[in-house]
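Report on one structure; see the data block that follows.
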Amino acid sequence: MDHLLAALRAVAEPTRLRLVMLCARGELTVSELTQILGQSQPRVSRHLKLLCEAGLLDRFPEGNWVFYRLSRSGRAGALAQQLVAACGETDPTIALDLQRLSAIKQQRADLASAYFRENAAQWHRIRSLYVDEREVEAALVDIIAAADPRDLLDIGTGTGRMLEILAPRVEHVLGIDQSREMLSIARVNLERSGLANGRVRRDDMYQLALPDASFDAALIHQVLHYADRPAAAIAEAARVLRPHGILVLVDFAPHTLEFLRDEHAHRRLGFEDDEIAEWCRAAGLDPAPSRALPGDPLTVVIWTARRRAAAVRQSAGDVRATAPPALVEGELH
Ligand SMILES: C[S@@+](CC[C@H](N)C(=O)[O-])C[C@H]1O[C@@H](n2cnc3c(N)ncnc32)[C@H](O)[C@@H]1O
């Protein structure tokens, strides 16, 4: 009871309730929250500290940035989620905060897509700076060969490299990406490789224009570190998996290379195994042990998870349960 009372006391203040509502929408930094609330940084930090102490928010420092998100664990986490549902979005102050949050997200998305636009052509070169691609690709081919899916969805396909290496292993692959420039290169690459079972479409990983349970396998390769809502991207991938379907995530282990944020639009500096496992479970997936491929300076990690037979899908942030009108831009085949 004491914990509950402490949590209720912590949230019983307008700015703090606003912070809880905002942090339910993704992982946000103090400077983003300060920008939205229009209050001084020390003041916002004080409120955030109280909310974290009460167990309503989780705080996680990562390099020079500190992120805040709604707690998903413990009684205070459950209370935080109930408060978010009860508060709704119709209050004018909350509605304005959420509008400002959307504007900030849009700015971020614009910056990221400008980065991808500028780097589409050199993407292969940029990727090879960080990892030994052949080792990762061989491991992925082994995982997909063992899982033996009929079809595979490559989320954030970029230049389509994953489609090229995995298409020969399945009947049908679909690559989606939000960047037109990346997709135009992916189309050229698919055509050049003569892969008749590969298609690409423009789509958003947070709200895929695809039906529930429509793929045996989904891959998110080197995309999550750009995501402001990685848990929501995982939940959306889980939604389109058939029962027992496999999700394969490839990204970096936690690291400290801040320049990847400054120069390469990364948002997260890698991921912990526990964090990924928790997001998978919340999305109705059973995580398997991860596999690390150590590199210098970055270690690549491959996480896999299977969709439960009767997946209990928990909404992750503001993931939409139904697919929006297709963003489909045209397909290769
Ligand atoms: C680093 S590239 C990785 C491409 C590819 N998976 C690979 O490893 O070759 C990241 C890709 O994610 C895409 N992306 C970022 N946010 C996205 C979103 N919300 N929906 C779809 N694609 C997204 C970018 O456009 C970019 O092509």
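Note on naming: chains are A, B, ... as they come in the structure tokens, residues start from 1 per chain, ligands start from 1 in the order shown.
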
**OP:** Apply DSSP to the structure's backbone, then extract all residues of range 69-292 of chain A labelled strand (DSSP E) and return them as a PyMOL selection string.
**Re:** chain A and resi 69-70+151-155+172-177+198-202+215-221+241-252+285-287+291-292

Could you report the residues within 6 Å of ligand 1, using only C-alpha atoms and all ligand atoms, as a PDB file with C-alpha atoms, in the first residue's frame?
ATOM      1  CA  PHE A 116      19.271   8.192 -45.260  1.00  0.00           C
ATOM      2  CA  GLY A 156      13.835  -1.254 -42.785  1.00  0.00           C
ATOM      3  CA  THR A 157      15.299  -3.038 -45.772  1.00  0.00           C
ATOM      4  CA  GLY A 158      17.458  -0.078 -46.869  1.00  0.00           C
ATOM      5  CA  THR A 159      19.337  -1.014 -50.010  1.00  0.00           C
ATOM      6  CA  ARG A 161      21.026  -6.385 -48.963  1.00  0.00           C
ATOM      7  CA  ASP A 177      11.371   0.982 -45.825  1.00  0.00           C
ATOM      8  CA  GLN A 178      10.205   4.543 -45.321  1.00  0.00           C
ATOM      9  CA  SER A 179      12.918   6.017 -47.530  1.00  0.00           C
ATOM     10  CA  MET A 182      16.785   3.507 -50.183  1.00  0.00           C
ATOM     11  CA  ASP A 203       5.896   1.485 -45.395  1.00  0.00           C
ATOM     12  CA  ASP A 204       6.422   2.546 -41.799  1.00  0.00           C
ATOM     13  CA  MET A 205       7.697  -0.034 -39.322  1.00  0.00           C
ATOM     14  CA  TYR A 206       5.459   1.420 -36.590  1.00  0.00           C
ATOM     15  CA  HIS A 221      18.590  -5.630 -39.297  1.00  0.00           C
ATOM     16  CA  GLN A 222      20.474  -2.526 -38.125  1.00  0.00           C
ATOM     17  CA  VAL A 223      17.339  -0.419 -37.824  1.00  0.00           C
TER      18      VAL A 223
END

Original post:
By how many Å are CA of Ser214 in chain A and CA of Val240 in chain A apart?
Top reply: 5.3 Å

Original post:
CA of Ile246 in chain A and CA of Ala305 in chain A are how many Å apart?
Top reply: 5.7 Å

With a cut-off of 10 Å, could you pull out the residues of range 75-106 of chain A touching range 21-44 of chain A and give me the nearest pair of atoms for each, distance in Å to one decimal, using only C-alpha atoms, ordered by chain and ascending number, as JSON lines?
{"residue": "A:Ala80", "atom": "CA", "partner": "A:Ala24", "partner_atom": "CA", "distance": 8.6}
{"residue": "A:Gln81", "atom": "CA", "partner": "A:Ala24", "partner_atom": "CA", "distance": 7.8}
{"residue": "A:Leu83", "atom": "CA", "partner": "A:Met21", "partner_atom": "CA", "distance": 8.4}
{"residue": "A:Val84", "atom": "CA", "partner": "A:Met21", "partner_atom": "CA", "distance": 5.8}
{"residue": "A:Ala85", "atom": "CA", "partner": "A:Met21", "partner_atom": "CA", "distance": 9.2}
{"residue": "A:Cys87", "atom": "CA", "partner": "A:Met21", "partner_atom": "CA", "distance": 8.1}
{"residue": "A:Gly88", "atom": "CA", "partner": "A:Met21", "partner_atom": "CA", "distance": 8.7}
{"residue": "A:Glu89", "atom": "CA", "partner": "A:Met21", "partner_atom": "CA", "distance": 8.8}
{"residue": "A:Thr93", "atom": "CA", "partner": "A:Leu37", "partner_atom": "CA", "distance": 9.8}
{"residue": "A:Ile94", "atom": "CA", "partner": "A:Met21", "partner_atom": "CA", "distance": 7.6}
{"residue": "A:Leu96", "atom": "CA", "partner": "A:Ile36", "partner_atom": "CA", "distance": 8.9}
{"residue": "A:Asp97", "atom": "CA", "partner": "A:Ile36", "partner_atom": "CA", "distance": 6.1}
{"residue": "A:Leu98", "atom": "CA", "partner": "A:Leu22", "partner_atom": "CA", "distance": 6.9}
{"residue": "A:Gln99", "atom": "CA", "partner": "A:Ile36", "partner_atom": "CA", "distance": 9.0}
{"residue": "A:Arg100", "atom": "CA", "partner": "A:Ile36", "partner_atom": "CA", "distance": 5.8}
{"residue": "A:Leu101", "atom": "CA", "partner": "A:Ile36", "partner_atom": "CA", "distance": 6.5}
{"residue": "A:Ser102", "atom": "CA", "partner": "A:Arg25", "partner_atom": "CA", "distance": 9.8}
{"residue": "A:Ala103", "atom": "CA", "partner": "A:Ile36", "partner_atom": "CA", "distance": 9.5}
{"residue": "A:Ile104", "atom": "CA", "partner": "A:Glu32", "partner_atom": "CA", "distance": 7.6}
{"residue": "A:Lys105", "atom": "CA", "partner": "A:Glu32", "partner_atom": "CA", "distance": 9.6}

Original post:
Can you list, as an NGL selection string, every protein, DNA or RNA residue that comes within 6 Å of range 51-63 of chain A when you count only C-alpha atoms, leaving out same-chain residues fewer than 6 positions away?
Top reply: :A and (7 or 10 or 69-71 or 76-77 or 80 or 256)

Please produce a file of those selected residues containing all heavy atoms, as a PDB file, in the first residue's frame.
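Ended up saving to again-v4.pdb:
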ATOM      1  N   ALA A   7       3.298   6.381  -5.219  1.00  0.00           N
ATOM      2  CA  ALA A   7       3.143   6.596  -6.668  1.00  0.00           C
ATOM      3  C   ALA A   7       2.004   7.578  -6.938  1.00  0.00           C
ATOM      4  O   ALA A   7       2.119   8.468  -7.788  1.00  0.00           O
ATOM      5  CB  ALA A   7       2.866   5.261  -7.358  1.00  0.00           C
ATOM      6  N   ALA A  10       3.142  11.006  -6.150  1.00  0.00           N
ATOM      7  CA  ALA A  10       4.092  11.521  -7.139  1.00  0.00           C
ATOM      8  C   ALA A  10       3.378  12.052  -8.383  1.00  0.00           C
ATOM      9  O   ALA A  10       3.766  13.058  -8.963  1.00  0.00           O
ATOM     10  CB  ALA A  10       5.072  10.419  -7.533  1.00  0.00           C
ATOM     11  N   ARG A  69      11.092   6.567 -19.982  1.00  0.00           N
ATOM     12  CA  ARG A  69       9.931   5.924 -20.583  1.00  0.00           C
ATOM     13  C   ARG A  69       9.038   5.378 -19.463  1.00  0.00           C
ATOM     14  O   ARG A  69       9.504   5.188 -18.325  1.00  0.00           O
ATOM     15  CB  ARG A  69      10.337   4.799 -21.537  1.00  0.00           C
ATOM     16  CG  ARG A  69      11.024   3.650 -20.857  1.00  0.00           C
ATOM     17  CD  ARG A  69      11.439   2.584 -21.854  1.00  0.00           C
ATOM     18  NE  ARG A  69      12.278   1.593 -21.215  1.00  0.00           N
ATOM     19  CZ  ARG A  69      13.275   0.937 -21.803  1.00  0.00           C
ATOM     20  NH1 ARG A  69      13.559   1.154 -23.046  1.00  0.00           N
ATOM     21  NH2 ARG A  69      13.986   0.050 -21.159  1.00  0.00           N
ATOM     22  N   LEU A  70       7.795   5.115 -19.813  1.00  0.00           N
ATOM     23  CA  LEU A  70       6.844   4.594 -18.834  1.00  0.00           C
ATOM     24  C   LEU A  70       7.334   3.247 -18.315  1.00  0.00           C
ATOM     25  O   LEU A  70       7.751   2.404 -19.102  1.00  0.00           O
ATOM     26  CB  LEU A  70       5.488   4.417 -19.532  1.00  0.00           C
ATOM     27  CG  LEU A  70       4.280   4.402 -18.617  1.00  0.00           C
ATOM     28  CD1 LEU A  70       4.068   5.776 -18.002  1.00  0.00           C
ATOM     29  CD2 LEU A  70       3.033   4.002 -19.396  1.00  0.00           C
ATOM     30  N   SER A  71       7.256   3.069 -16.996  1.00  0.00           N
ATOM     31  CA  SER A  71       7.695   1.796 -16.438  1.00  0.00           C
ATOM     32  C   SER A  71       6.702   0.709 -16.853  1.00  0.00           C
ATOM     33  O   SER A  71       5.496   0.943 -16.893  1.00  0.00           O
ATOM     34  CB  SER A  71       7.751   1.902 -14.921  1.00  0.00           C
ATOM     35  OG  SER A  71       7.961   0.626 -14.399  1.00  0.00           O
ATOM     36  N   ALA A  76       3.768  -0.056  -9.582  1.00  0.00           N
ATOM     37  CA  ALA A  76       3.742   1.347 -10.024  1.00  0.00           C
ATOM     38  C   ALA A  76       3.663   1.410 -11.555  1.00  0.00           C
ATOM     39  O   ALA A  76       2.988   2.283 -12.112  1.00  0.00           O
ATOM     40  CB  ALA A  76       4.966   2.087  -9.508  1.00  0.00           C
ATOM     41  N   GLY A  77       4.336   0.465 -12.231  1.00  0.00           N
ATOM     42  CA  GLY A  77       4.277   0.428 -13.702  1.00  0.00           C
ATOM     43  C   GLY A  77       2.853   0.151 -14.167  1.00  0.00           C
ATOM     44  O   GLY A  77       2.354   0.778 -15.108  1.00  0.00           O
ATOM     45  N   ALA A  80       0.883   3.218 -13.646  1.00  0.00           N
ATOM     46  CA  ALA A  80       1.193   4.231 -14.664  1.00  0.00           C
ATOM     47  C   ALA A  80       0.382   3.956 -15.930  1.00  0.00           C
ATOM     48  O   ALA A  80      -0.187   4.876 -16.531  1.00  0.00           O
ATOM     49  CB  ALA A  80       2.687   4.215 -14.967  1.00  0.00           C
ATOM     50  N   THR A 256      29.764   2.933 -26.606  1.00  0.00           N
ATOM     51  CA  THR A 256      29.892   4.335 -26.161  1.00  0.00           C
ATOM     52  C   THR A 256      30.283   5.274 -27.310  1.00  0.00           C
ATOM     53  O   THR A 256      30.825   6.341 -27.074  1.00  0.00           O
ATOM     54  CB  THR A 256      30.961   4.442 -25.054  1.00  0.00           C
ATOM     55  OG1 THR A 256      32.151   3.845 -25.560  1.00  0.00           O
ATOM     56  CG2 THR A 256      30.533   3.746 -23.774  1.00  0.00           C
TER      57      THR A 256
END

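If you measure from each of A:Glu236, A:Asp212, A:Glu13, A:Glu171 to Asp148 in chain A using only C-alpha atoms, the closest one turns out to be A:Glu171.
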
Original post:
Can you list every residue in range 187-328 of chain A that DSSP puts in alpha helix (DSSP H), as number ranges by chain?
Top reply: A: 187-193, 230-239, 259-264, 273-282

Check which residues of range 169-226 of chain A sit at most 8 Å from range 257-280 of chain A using only C-alpha atoms, and return one row each with the closest pair of atoms and their distance in Å to one decimal, ordered by chain and rising number, as a Markdown table.
| residue | atom | partner | partner_atom | distance |
| --- | --- | --- | --- | --- |
| A:Leu224 | CA | A:Arg268 | CA | 7.9 |
| A:His225 | CA | A:Arg268 | CA | 4.7 |
| A:Tyr226 | CA | A:His266 | CA | 4.9 |

Using the selection just defined, write its residues with all heavy atoms as a short mmCIF file (atom, residue, chain, number, x, y, z; two decimals), in the first residue's frame.
data_model
loop_
_atom_site.label_atom_id
_atom_site.label_comp_id
_atom_site.auth_asym_id
_atom_site.auth_seq_id
_atom_site.Cartn_x
_atom_site.Cartn_y
_atom_site.Cartn_z
N LEU A 224 16.93 -0.80 -35.45
CA LEU A 224 16.38 -0.41 -34.13
C LEU A 224 17.14 0.75 -33.50
O LEU A 224 16.55 1.53 -32.76
CB LEU A 224 16.42 -1.60 -33.17
CG LEU A 224 15.29 -2.62 -33.25
CD1 LEU A 224 15.40 -3.56 -32.06
CD2 LEU A 224 13.92 -1.98 -33.28
N HIS A 225 18.44 0.90 -33.79
CA HIS A 225 19.17 1.99 -33.12
C HIS A 225 18.75 3.36 -33.64
O HIS A 225 19.09 4.37 -33.06
CB HIS A 225 20.69 1.80 -33.19
CG HIS A 225 21.24 1.57 -34.56
ND1 HIS A 225 21.79 0.38 -34.95
CD2 HIS A 225 21.32 2.38 -35.64
CE1 HIS A 225 22.21 0.47 -36.20
NE2 HIS A 225 21.93 1.68 -36.64
N TYR A 226 17.99 3.40 -34.72
CA TYR A 226 17.44 4.69 -35.20
C TYR A 226 16.07 4.96 -34.59
O TYR A 226 15.54 6.05 -34.73
CB TYR A 226 17.24 4.68 -36.71
CG TYR A 226 18.52 4.51 -37.48
CD1 TYR A 226 18.85 3.29 -38.05
CD2 TYR A 226 19.41 5.58 -37.61
CE1 TYR A 226 20.03 3.13 -38.74
CE2 TYR A 226 20.60 5.42 -38.29
CZ TYR A 226 20.90 4.19 -38.85
OH TYR A 226 22.07 4.04 -39.52
#

Original post:
Which is closer to Pro294 in chain A than all the others in A:Ala237, A:Ile185, A:Arg117, A:Val136, using only C-alpha atoms?
Top reply: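 Of A:Ala237, A:Ile185, A:Arg117, A:Val136, the one nearest Pro294 in chain A, counting only C-alpha atoms, is A:Val136.
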